[in-house]
Every structure is written in structure tokens, then in C-alpha cells.
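First the structure, in the form of C-alpha cells, and then the observations on it.
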Amino acid sequence: MRKNRAMVAPSRHTIGVLLCDGVVPFDLGTVTQVFGTARDAGGKHLYDVVVCGSGPVLTEAGFTITPAFGLDELARADTVVVPGVHGGGPVTDGTLPSDVRATLLAAAARGVRIVSICTAASVLAAAGLLDGRPAATHWAWAKRIGGLYPQVRWDFDVLFVDDGDVLTSAGVGAGIDLCLHIVRSDHGADVANRVARRCVVPPWRDGGQAQFIERPVPAVAGNGTESTRAWVLERLADPVSLEEMAAHARMSVRTFTRHFRDETGLSPRQWLLRQRVEHARILLESTDLAVEVVARRAGLGSGTALRQHLHAAIGVAPSAYRRTFRHTG
């Protein structure tokens with residue numbers, strides 16, 4: 001029996017979770033836990049999470065889930081999230097059940113936000129929602145899913161891709177990163193940080209999938225770049241060159257760069273720029289400092305540079321970002 005939706009407050013943002021056969025239970029739990037935990041400062045729930053499907057769904061783990069709601073419930077959703085899938089047409093031959101396709105296309109036509117976790121990017125791709133768009137999925141499925149959907153601009157190095165109305169994440173734990181990013185975009189850093197604490201996970205992770213890709217363990221221990229990264233983070237406001245970082249790590253520039261990329265998935269300069277932009281975001285969220293001062297304290301030099309880098313990273317100006325995320329009281 002389907003639940004009566006009239007009992008749910010209409011003003012609450014509805015997250016509709018679309019289950020497909022072969023659903024990954026961890027991904028489903030991620031969506032319900034992160035959004036179900038999000039509350040405002042007064043303890044009020046910010047999302048109404050409804051789990052939907054066309055009937056009992058066999059999970060990737062071998063047990064069956066019976067969704068509380070049918071696919072028609074997704075017509076009321078403000079955001080549609082598809083958890084990862086193992087097996088089935090989307091990851092084997094590019095096919096999709098007609099009712100799932102119709103539901104996703106109807107959601108896209110209404111302009112709602114559509115999100116996939118891990119391999120569920122294949123579900124969106126099979127529906128044609130990722131054609132010509134950037135998207136992420138688990139690195140281990142890059143060859144199969146990338147080959148099935150060459151029309152998608154796949155990025156197998158990042159934890160997630162936010163392309164506005166369509167968002168996709170890499171594998172498993174990266175679904176948490178994406179869900180927290182959505183909470184942060186909707187309600188600010190304070191709410192997202194509270195959710196992260198409640199879920200006992202970091203509110204933000206550096207780097208991309210490359211740091212998790214299987215590779216041989218280095219033959220020589222104790223030659224990493226972690227201590228140098230910590231050293232750099234203590235002096236983000238100061239100019240720090242690649243040569244200085246390599247010298248701190250007691251490596252040649254070439255060796256340091258190779259180790260750094262192996263450990264973080266980024267070049268030292270890319271990583272440093274990301275840290276500075278993230279520090280600038282924190283300052284914009286948590287202080288009333290002028291943009292020029294924020295830029296200097298973050299090591300970006302000038303307000304112009306901050307505007308350029310912030311726009312490149314998240315597509316907004318510092319003033320707009322501060323209006324969105326700066327919370328008082």
C-alpha cells in the first residue's frame with residue numbers, strides 16, 4: 001500500500017529516490033541518511049525523502065526492497081536522486097525500462113534537479129540526459145560505461161560533477177560528498193557541517209578519484225608529500241613555489257610532482273590553487289572581510305584573481321557566494 005502524501009508538509013523540499021533493479025544499498029542509505037539528517041538551527045527537517053519504485057526491487061546485495069511509493073510519486077519531487085546500480089541494461093547494453101525512462105524525462109522536462117550516485121550515471125545516460133554534458137561515475141566502470149555512452153563528457157578523475165540541474169558522483173563514498181555539496185548549496189555551510197558531524201564524515205574532501213585508483217604500493221616507505229601539504233596549508237597567504245615545496249619534501253621537482261599526483265590526483269599547483277579557493281570560500285562564509293582582504297589571506301593576491309578563480313571553480317562571484325552562504329545569528 002502506498003503512503004498518503006497529504007501528511008507531508010508541502011513547503012519542505014522533496015527528495016525523490018528512484019530505485020532500479022540492482023540498486024546498491026550503500027548508495028540508497030547515503031541519500032536517505034544525508035538528506036534525512038539535514039535540519040535547520042531550530043531542529044526542523046529540511047528535506048522530505050521518499051523512496052520510489054515500480055515494485056519490489058532486487059538489490060545488488062541479494063535482498064529485496066519494497067519502496068513505500070510508486071514512480072508516480074516522483075512527479076511531486078523537487079530533486080530526483082538515482083542510487084548506483086550493478087547489472088541490468090544501463091551498464092550492460094545501454095537499455096532502460098520504459099517506465100524509468102519516462103519518469104526521468106518527465107522530471108527533466110519539469111526542470112527539477114536530477115542526481116545520480118556512482119554507476120547510476122549510466123541510468124541518466126541511457127535516458128539521454130547526459131548527452132554532451134560533463135559527468136562522473138566510478139573509475140572502475142570507466143571503460144564499460146564510457147564505451148556505452150561516448151556522447152557523454154566523462155570525467156573519471158573527480159569526486160562529483162555539478163552541472164547545474166544535473167549532478168553526478170563517483171563511486172560509493174563520493175555519493176556522500178555530492179549529497180553534502182547539495183545540502184551546502186541549498187542551505188549553507190553550517191547546515192552541511194552539522195550533517196557531516198552527525199554522519200561522522202568530513203564535510204569536504206580534497207582531490208579526486210585518482211587517489212583511490214588501484215596502483216602498486218610504493219617500494220620505498222616514508223617518502224610521501226603529506227607533511228609538505230600540511231606545511232603549505234599553514235602558509236596559504238604566502239607565496240609558495242613548486243621548488244620550495246619540493247625542497248621541503250627533500251625531493252627533486254620531478255620526483256615530488258610525481259609523488260604528489262599519485263597521492264592526491266592533482267599536480268602541486270592545482271592542489272594549491274584548490275586549497276586557496278576553498279580557504280577563500282570559508283572566509284567569505286564566516287567573516288565580513290572585504291573581498292580584497294579575503295584574496296590576500298587566501299594567497300590569491302587580488303580581488304580580481306579571487307573573482308576569476310571562484311567563478312572558474314563554482315561559477316559565481318565572491319559577493320554572490322557570500323550572499324548565498326553567509327549566515328548570521
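Ordering of the C-alpha cells sets the chain letters (A, B, ...), residue numbers begin anew at 1 in every chain, and ligands are numbered from 1 in the order given.
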
Each residue of segment 138-181 of chain A with at least one atom at most 8 Å from segment 104-121 of chain A should appear once, together with its nearest atom pair and the corresponding distance in Å (one decimal); atoms considered: only C-alpha atoms; ordering: chain, then increasing residue number; output as CSV.
```
residue,atom,partner,partner_atom,distance
A:His138,CA,A:Cys118,CA,5.4
A:Trp141,CA,A:Thr119,CA,7.5
A:Gly164,CA,A:Arg113,CA,7.9
A:Asp165,CA,A:Arg113,CA,4.6
A:Val166,CA,A:Ile114,CA,4.9
A:Leu167,CA,A:Val115,CA,4.7
A:Thr168,CA,A:Ser116,CA,4.8
A:Ser169,CA,A:Ile117,CA,5.1
A:Ala170,CA,A:Cys118,CA,4.7
A:Gly171,CA,A:Cys118,CA,4.2
A:Val172,CA,A:Cys118,CA,6.1
A:Ala174,CA,A:Cys118,CA,7.6
A:Gly175,CA,A:Ile117,CA,5.3
```

For this session: Write out as number ranges by chain all residues of segment 87-232 of chain A that DSSP puts in alpha helix (DSSP H) for this structure's backbone.
Result: A: 89-92, 98-110, 121-126, 142-148, 174-187, 189-199, 226-232

For this session: Considering only C-alpha atoms, return as a PyMOL selection string whatever protein or nucleic-acid residues lie within 9 Å of Thr103 of chain A, sequence-local ones (same chain, fewer than 4 positions apart) excluded.
Result: chain A and resi 71-72+74-75+98-99+107-108

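Among A:Val158, A:Ala61, A:Ala127, A:Val183, the residue with the shortest atom-to-atom distance to Thr95 of chain A, counting only C-alpha atoms, is A:Ala127.
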
Exercise. Hey, what's within 10 Å of Met245 of chain A if we count only C-alpha atoms and toss same-chain stuff fewer than 3 positions away? As a ChimeraX atom specification, please?
Worked result: /A:225,228-229,231-232,240-242,248-253,256-257,268
